[in-house]
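**Q** Coordinates in work_36.cif, mmCIF, C-alpha atoms, are listed below.
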```
data_input
#
loop_
_atom_site.label_atom_id
_atom_site.label_comp_id
_atom_site.auth_asym_id
_atom_site.auth_seq_id
_atom_site.Cartn_x
_atom_site.Cartn_y
_atom_site.Cartn_z
CA MET A 1484 15.13 32.29 107.31
CA LYS A 1485 11.76 31.94 105.68
CA SER A 1486 9.94 34.02 108.28
CA GLU A 1487 12.45 36.86 107.84
CA PHE A 1488 12.06 37.12 104.06
CA PRO A 1489 10.15 40.37 103.36
CA ASN A 1490 6.96 40.07 101.34
CA HIS A 1491 6.96 43.37 99.47
CA TYR A 1492 3.76 42.52 97.59
CA ALA A 1493 1.85 42.12 100.86
CA VAL A 1494 3.25 45.42 102.12
CA LEU A 1495 1.67 47.14 99.10
CA ASP A 1496 -1.51 44.99 99.29
CA LEU A 1497 -0.87 43.69 95.76
CA ASP A 1498 -0.87 40.42 93.87
CA ARG A 1499 2.42 39.11 92.47
CA ARG A 1500 0.97 39.41 88.96
CA CYS A 1501 0.28 43.15 89.33
CA THR A 1502 1.49 45.69 86.79
CA GLY A 1503 4.16 48.31 87.29
CA GLU A 1504 1.50 51.03 87.22
CA ALA A 1505 -0.40 49.26 90.00
CA ILE A 1506 2.77 49.22 92.11
CA ARG A 1507 3.32 52.95 91.62
CA ALA A 1508 -0.33 53.76 92.38
CA ALA A 1509 -0.37 51.61 95.53
CA TYR A 1510 2.87 53.17 96.75
CA ARG A 1511 1.56 56.73 96.28
CA ARG A 1512 -1.74 55.91 97.95
CA LEU A 1513 -0.27 54.13 100.97
CA THR A 1514 2.59 56.56 101.61
CA LYS A 1515 0.09 59.41 101.65
CA ARG A 1516 -2.15 57.49 104.08
CA HIS A 1517 0.64 56.46 106.45
CA HIS A 1518 2.91 59.49 106.26
CA PRO A 1519 4.28 60.40 109.74
CA ASP A 1520 3.19 64.03 109.29
CA ILE A 1521 -0.49 63.00 109.42
CA ASN A 1522 -0.02 60.23 111.97
CA SER A 1523 1.66 62.29 114.70
CA ALA A 1524 5.03 60.76 113.76
CA SER A 1525 4.06 57.54 115.56
CA CYS A 1526 6.43 54.58 115.66
CA GLU A 1527 3.93 52.54 113.64
CA SER A 1528 3.67 55.13 110.86
CA THR A 1529 7.45 55.51 110.67
CA GLU A 1530 7.95 51.74 110.41
CA ARG A 1531 5.11 51.41 107.87
CA THR A 1532 6.66 54.16 105.71
CA ARG A 1533 10.03 52.40 105.86
CA GLU A 1534 8.42 49.14 104.68
CA LEU A 1535 6.63 50.93 101.84
CA ASN A 1536 9.83 52.61 100.66
CA ALA A 1537 11.71 49.29 100.72
CA ALA A 1538 8.93 47.55 98.77
CA HIS A 1539 8.79 50.29 96.14
CA GLU A 1540 12.57 50.32 95.73
CA ILE A 1541 12.51 46.61 94.82
CA LEU A 1542 9.22 46.22 92.97
CA GLY A 1543 9.42 49.56 91.18
CA ASP A 1544 12.61 48.49 89.38
CA PRO A 1545 11.92 45.75 86.75
CA VAL A 1546 15.39 44.22 87.13
CA LYS A 1547 15.27 44.14 90.92
CA ARG A 1548 11.70 42.86 90.80
CA ARG A 1549 12.62 39.86 88.62
CA ALA A 1550 15.48 38.98 90.94
CA TYR A 1551 13.21 39.38 93.95
CA ASP A 1552 10.54 37.13 92.37
CA ARG A 1553 13.15 34.40 91.88
CA GLU A 1554 14.21 34.68 95.52
CA LEU A 1555 10.57 34.67 96.62
CA ALA A 1556 9.94 31.46 94.72
CA ALA A 1557 13.10 29.85 96.10
CA ASP A 1558 12.10 30.86 99.61
CA GLY A 1559 8.92 28.86 99.18
CA SER A 1560 6.56 31.71 100.07
CA PRO A 1561 3.08 31.29 98.58
CA ALA A 1562 1.97 33.76 95.96
CA PRO A 1563 0.29 36.64 97.79
CA SER A 1564 -3.26 37.50 96.85
CA ALA A 1565 -3.39 41.23 97.55
CA GLY A 1566 -2.29 40.71 101.15
CA ARG A 1567 -5.62 39.04 101.96
CA ARG A 1568 -4.80 37.96 105.50
CA LYS A 1569 -3.38 41.35 106.35
CA ILE A 1570 -6.43 43.20 105.06
CA GLU A 1571 -8.75 41.02 107.13
CA ARG A 1572 -6.83 41.86 110.28
CA ASN A 1573 -7.01 45.60 109.64
CA ILE A 1574 -10.01 47.81 110.37
CA ALA A 1575 -10.56 51.43 109.32
CA LYS A 1576 -12.91 53.58 111.37
CA ASP A 1577 -13.92 57.26 111.31
CA VAL A 1578 -14.43 58.87 114.71
CA ARG A 1579 -16.15 62.24 115.07
CA LEU A 1580 -14.98 64.61 117.79
CA ARG A 1581 -16.32 67.89 119.08
CA ILE A 1582 -14.47 70.97 117.89
CA GLU A 1583 -13.13 71.67 121.39
CA ASP A 1584 -11.66 68.14 121.59
CA PHE A 1585 -9.36 68.88 118.65
CA ILE A 1586 -8.11 71.96 120.46
CA ARG A 1587 -7.93 70.69 124.06
CA GLY A 1588 -7.22 67.02 123.39
CA ALA A 1589 -9.25 63.99 124.48
CA THR A 1590 -8.99 60.37 125.61
CA LEU A 1591 -11.22 57.92 123.72
CA GLN A 1592 -12.18 54.28 124.05
CA VAL A 1593 -12.36 52.63 120.63
CA HIS A 1594 -14.58 49.54 120.63
CA VAL A 1595 -14.26 46.86 117.95
CA ASN A 1596 -16.90 44.17 117.54
CA ASP A 1597 -15.43 41.67 115.08
CA PRO A 1598 -17.48 38.46 114.71
CA ALA A 1599 -14.30 36.69 113.60
CA ASN A 1600 -12.67 37.27 116.99
CA PRO A 1601 -13.36 34.28 119.26
CA ASP A 1602 -12.34 36.37 122.28
CA GLY A 1603 -15.24 38.78 121.76
CA ALA A 1604 -15.21 42.59 121.68
CA GLU A 1605 -11.95 44.53 121.69
CA THR A 1606 -11.38 47.87 123.39
CA TYR A 1607 -8.45 50.18 122.72
CA SER A 1608 -7.52 53.48 124.34
CA LEU A 1609 -6.67 56.42 122.08
CA VAL A 1610 -5.14 59.64 123.40
CA VAL A 1611 -5.72 62.59 121.08
CA PRO A 1612 -3.12 65.28 121.89
CA PRO A 1613 -4.14 68.95 122.10
CA GLU A 1614 -3.97 70.88 118.81
CA THR A 1615 -4.68 67.79 116.68
CA ALA A 1616 -5.89 68.57 113.17
CA PRO A 1617 -9.08 67.03 111.75
CA GLY A 1618 -8.25 64.25 109.32
CA THR A 1619 -5.36 62.97 111.47
CA ARG A 1620 -5.03 59.18 111.46
CA PHE A 1621 -3.93 56.96 114.33
CA ARG A 1622 -2.95 53.29 114.08
CA LEU A 1623 -3.86 51.17 117.08
CA PRO A 1624 -2.18 47.72 117.06
CA ARG A 1625 -4.68 44.90 117.52
CA CYS A 1626 -4.12 42.08 119.98
CA GLY A 1627 -5.24 38.49 120.41
CA PRO A 1628 -5.77 36.42 117.26
CA PHE A 1629 -5.44 39.58 115.13
CA GLU A 1630 -2.03 40.56 116.45
CA GLY A 1631 -0.06 42.20 113.67
CA GLY A 1632 -3.13 43.99 112.34
CA PHE A 1633 -4.32 47.41 113.42
CA VAL A 1634 -7.33 49.68 113.82
CA GLN A 1635 -6.81 52.83 111.76
CA VAL A 1636 -8.80 55.68 113.27
CA ARG A 1637 -9.40 58.86 111.26
CA LEU A 1638 -10.67 61.90 113.16
CA ARG A 1639 -13.57 63.90 111.76
CA VAL A 1640 -15.36 67.00 113.06
CA LEU A 1641 -18.71 66.49 114.75
CA PRO A 1642 -21.13 69.07 113.30
CA GLY A 1643 -22.29 71.67 115.80
CA ALA A 1644 -24.97 74.34 115.95
CA ARG A 1645 -22.69 77.31 116.67
CA PHE A 1646 -19.66 76.66 114.50
CA LYS A 1647 -19.32 75.24 110.98
CA PRO A 1648 -15.90 73.98 109.83
CA ARG A 1649 -14.50 75.16 106.53
CA GLY A 1650 -11.06 73.63 106.12
CA SER A 1651 -9.08 74.82 109.14
CA ASP A 1652 -11.39 77.83 109.60
CA LEU A 1653 -14.60 77.98 111.59
CA ARG A 1654 -17.68 79.94 110.57
CA SER A 1655 -20.13 81.48 113.00
CA GLU A 1656 -22.71 84.28 113.22
CA LEU A 1657 -23.04 87.23 115.56
CA ARG A 1658 -26.23 89.27 115.87
CA ILE A 1659 -25.76 92.92 116.84
CA ASN A 1660 -28.16 95.86 117.09
CA ALA A 1661 -28.47 98.57 114.50
CA ARG A 1662 -26.78 101.16 116.72
CA ARG A 1663 -23.66 99.01 117.10
CA ALA A 1664 -23.63 98.40 113.35
CA ALA A 1665 -23.78 102.13 112.66
CA GLN A 1666 -21.29 103.32 115.29
CA GLY A 1667 -18.95 100.35 115.49
CA GLY A 1668 -17.24 99.25 118.68
CA THR A 1669 -16.44 95.97 120.44
CA GLU A 1670 -18.58 92.88 120.94
CA MET A 1671 -17.80 89.82 123.05
CA MET A 1672 -18.56 86.29 121.90
CA ALA A 1673 -17.68 82.76 122.98
CA GLY A 1674 -15.00 80.95 120.98
CA ALA A 1675 -14.81 77.28 120.06
CA THR A 1676 -13.68 76.28 123.58
CA GLY A 1677 -16.12 78.60 125.32
CA ALA A 1678 -13.47 81.21 126.13
CA PRO A 1679 -14.59 84.83 125.56
CA LEU A 1680 -13.33 86.52 122.43
CA ARG A 1681 -13.28 90.22 121.58
CA LEU A 1682 -14.48 91.21 118.11
CA SER A 1683 -13.95 94.71 116.73
CA ILE A 1684 -16.94 95.99 114.74
CA PRO A 1685 -16.10 98.68 112.15
CA PRO A 1686 -18.55 101.60 111.86
CA GLY A 1687 -21.18 101.08 109.18
CA VAL A 1688 -20.61 97.33 108.96
CA SER A 1689 -22.84 95.67 106.36
CA ARG A 1690 -25.28 92.86 107.08
CA GLY A 1691 -23.67 89.59 106.05
CA GLU A 1692 -20.15 91.01 106.22
CA ILE A 1693 -17.51 88.52 107.39
CA LEU A 1694 -15.14 89.60 110.16
CA ARG A 1695 -12.08 87.50 110.98
CA ILE A 1696 -10.57 86.57 114.34
CA PRO A 1697 -7.12 85.10 113.56
CA GLY A 1698 -5.97 81.88 115.20
CA GLU A 1699 -9.33 80.88 116.70
CA GLY A 1700 -10.23 78.15 114.22
CA LEU A 1701 -9.31 74.48 114.03
CA PRO A 1702 -5.74 73.13 114.38
CA LYS A 1703 -3.81 72.81 111.12
CA PRO A 1704 -1.92 69.64 110.11
CA ARG A 1705 1.45 71.43 110.20
CA GLY A 1706 0.84 73.50 113.30
CA GLY A 1707 -1.05 76.63 114.22
CA ARG A 1708 -4.77 77.19 113.90
CA GLY A 1709 -7.12 78.55 111.30
CA ASP A 1710 -9.32 81.61 111.80
CA LEU A 1711 -12.80 82.21 113.12
CA LEU A 1712 -14.96 83.83 110.43
CA VAL A 1713 -17.88 85.73 111.96
CA ARG A 1714 -20.84 86.72 109.81
CA ILE A 1715 -22.55 89.85 111.10
CA THR A 1716 -26.37 89.98 111.21
CA TYR A 1717 -28.71 92.72 112.44
CA ARG A 1718 -32.16 94.09 111.80
CA PRO A 1719 -32.25 97.67 110.43
CA GLU A 1720 -34.37 100.05 112.48
CA VAL A 1721 -37.49 101.26 110.67
CA ARG A 1722 -39.42 104.20 112.10
CA VAL A 1723 -42.80 105.44 110.93
CA SER A 1724 -44.02 108.94 111.69
CA ARG A 1725 -47.22 110.73 110.77
CA GLY A 1726 -46.97 113.65 108.41
CA ARG A 1727 -48.65 116.94 109.24
CA ALA A 1728 -52.05 117.51 107.70
#
```
For this file, write the structure as structure tokens.
**A**
Amino acid sequence: MKSEFPNHYAVLDLDRRCTGEAIRAAYRRLTKRHHPDINSASCESTERTRELNAAHEILGDPVKRRAYDRELAADGSPAPSAGRRKIERNIAKDVRLRIEDFIRGATLQVHVNDPANPDGAETYSLVVPPETAPGTRFRLPRCGPFEGGFVQVRLRVLPGARFKPRGSDLRSELRINARRAAQGGTEMMAGATGAPLRLSIPPGVSRGEILRIPGEGLPKPRGGRGDLLVRITYRPEVRVSRGRA
């Protein structure tokens, strides 16, 4: 059936006249974007990866591609122009979350205002599971006249005053007094979720020295969390005394 004939060019967002190098580049780019490991192994990402692999298997082989082009012409399918209709139905959007939302999870409402939609604004619910890594992408299937397209949401970290992301690690500062710096000991500080954390201060710690609390950073793409890197600051005590005359 005509509707069942796969359009591998549209899957790769390419024109039928594209080069072999363009096919390989599109395949690498799209498989990296839609890989299940960075899309929470969703059904959509698994199906998309399957379509990409099938398209590359056919179009990446010159002999199979020529045979496929003959079948495509016999099927009566129009020459694709870089998957134009598909691209217009798809929307990419970056969403910034607080650091604690990546750790605890969150439920978001994603609003789409597309002037081309005669039904008006679209709203989609997105559940971000706990321990989700920054950079994770979710594909939300669109409905109405854009059914078959999707909203691709990529999660970014919302900058904060207390913690600065550095990869999967978080950086922060802790001010202590000169006595604690000289003698060492234990200081308490709030972590990324507000929970109290215990930090061991070595005797004679230097100003600007970085101390590490393992596993208290951001979630990693393949599980676990980065570390919290704490920069120590303090003001040295300066005493002035009068000399004897």
**Q** Check which residues satisfy the PyMOL selection byres ((chain A and resi 1531-1546) around 9) in the file shown, then give them as an mmCIF file with C-alpha atoms, in the frame of the given file.
**A**
```
data_model
loop_
_atom_site.group_PDB
_atom_site.id
_atom_site.type_symbol
_atom_site.label_atom_id
_atom_site.label_comp_id
_atom_site.auth_asym_id
_atom_site.auth_seq_id
_atom_site.Cartn_x
_atom_site.Cartn_y
_atom_site.Cartn_z
ATOM 1 C CA PRO A 1489 10.150 40.370 103.360
ATOM 2 C CA ASN A 1490 6.960 40.070 101.340
ATOM 3 C CA HIS A 1491 6.960 43.370 99.470
ATOM 4 C CA TYR A 1492 3.760 42.520 97.590
ATOM 5 C CA VAL A 1494 3.250 45.420 102.120
ATOM 6 C CA LEU A 1495 1.670 47.140 99.100
ATOM 7 C CA GLY A 1503 4.160 48.310 87.290
ATOM 8 C CA GLU A 1504 1.500 51.030 87.220
ATOM 9 C CA ILE A 1506 2.770 49.220 92.110
ATOM 10 C CA ARG A 1507 3.320 52.950 91.620
ATOM 11 C CA TYR A 1510 2.870 53.170 96.750
ATOM 12 C CA LEU A 1513 -0.270 54.130 100.970
ATOM 13 C CA THR A 1514 2.590 56.560 101.610
ATOM 14 C CA HIS A 1517 0.640 56.460 106.450
ATOM 15 C CA HIS A 1518 2.910 59.490 106.260
ATOM 16 C CA PRO A 1519 4.280 60.400 109.740
ATOM 17 C CA CYS A 1526 6.430 54.580 115.660
ATOM 18 C CA GLU A 1527 3.930 52.540 113.640
ATOM 19 C CA SER A 1528 3.670 55.130 110.860
ATOM 20 C CA THR A 1529 7.450 55.510 110.670
ATOM 21 C CA GLU A 1530 7.950 51.740 110.410
ATOM 22 C CA LYS A 1547 15.270 44.140 90.920
ATOM 23 C CA ARG A 1548 11.700 42.860 90.800
ATOM 24 C CA ARG A 1549 12.620 39.860 88.620
ATOM 25 C CA ALA A 1550 15.480 38.980 90.940
ATOM 26 C CA TYR A 1551 13.210 39.380 93.950
#
```
**Q** Which of these residues is nearest to Arg1649 of chain A, using only C-alpha atoms: A:Leu1555, A:Pro1617, A:Arg1500, A:Val1611?
**A**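 Closest to Arg1649 of chain A of all the choices is A:Pro1617.
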**Q** Report, in Å with one decimal, the straight-line distance from atom CA of Arg1725 of chain A to atom CA of Arg1662 of chain A.
**A**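 Computing the Euclidean distance for atom CA of Arg1725 of chain A and atom CA of Arg1662 of chain A yields 23.3 Å.
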**Q** Determine the residue membership of the PyMOL selection byres ((chain A and resi 1698) around 12) for the file above and supply it as number ranges by chain.
**A** A: 1586, 1614, 1651-1653, 1674-1675, 1680, 1695-1697, 1699-1703, 1706-1712
**Q** Evaluate the PyMOL selection byres ((chain A and resi 1694) around 12) on the structure here and hand back the selected residues as a PyMOL selection string.
**A** chain A and resi 1653-1657+1670+1681-1685+1688-1693+1695-1697+1710-1716
**Q** Can you work out the spacing between atom CA of Leu1609 of chain A and atom CA of Val1593 of chain A in Å, to one decimal?
**A** 7.0 Å
**Q** Would you mind listing what lies within 7 Å of Ala1664 of chain A as a ChimeraX atom specification, with only C-alpha atoms counted and same-chain residues fewer than 5 positions away left out?
**A** /A:1659,1686-1688
**Q** So how far away is atom CA of Ala1509 of chain A from atom CA of Val1634 of chain A, in Å?
**A**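 Going from atom CA of Val1634 of chain A over to atom CA of Ala1509 of chain A, I get 19.7 Å.
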**Q** Smallest atom-to-atom distance to Asp1602 of chain A: which of A:Ala1661, A:Cys1626, A:Gly1632, A:Thr1676, using only C-alpha atoms?
**A** A:Cys1626
**Q** Using the file's own x, y and z axes, what box holds all listed atoms of segment 1709-1719 of chain A with 4 Å on each side, keeping edges along x, y and z, and what are its centre and edge lengths in Å to one decimal, as AutoDock Vina command-line options?
**A**
```
--center_x -19.7 --center_y 88.1 --center_z 111.5 --size_x 33.1 --size_y 27.1 --size_z 11.3
```
**Q** Restricting the calculation to only C-alpha atoms: of A:Ala1616, A:Met1671, A:Ile1582, A:Ala1604, which residue gets closest to Lys1647 of chain A?
**A**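 When distances to Lys1647 of chain A are compared using only C-alpha atoms, the smallest one comes from A:Ile1582.
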**Q** Given the point (-4.2, 47.0, 118.0) in the file's coordinates, find the residues that have an atom at most 12 Å from it, counting all atoms listed in the file, and give them as a ChimeraX atom specification.
**A** /A:1527,1572-1575,1593-1595,1605-1609,1621-1636
**Q** Could you check the closest approach to Arg1663 of chain A for each of A:Arg1511, A:Arg1587, A:Arg1718, A:Arg1645 and tell me which residue wins, using only C-alpha atoms?
**A**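 Once distances to Arg1663 of chain A are computed over only C-alpha atoms, the minimum belongs to A:Arg1718.
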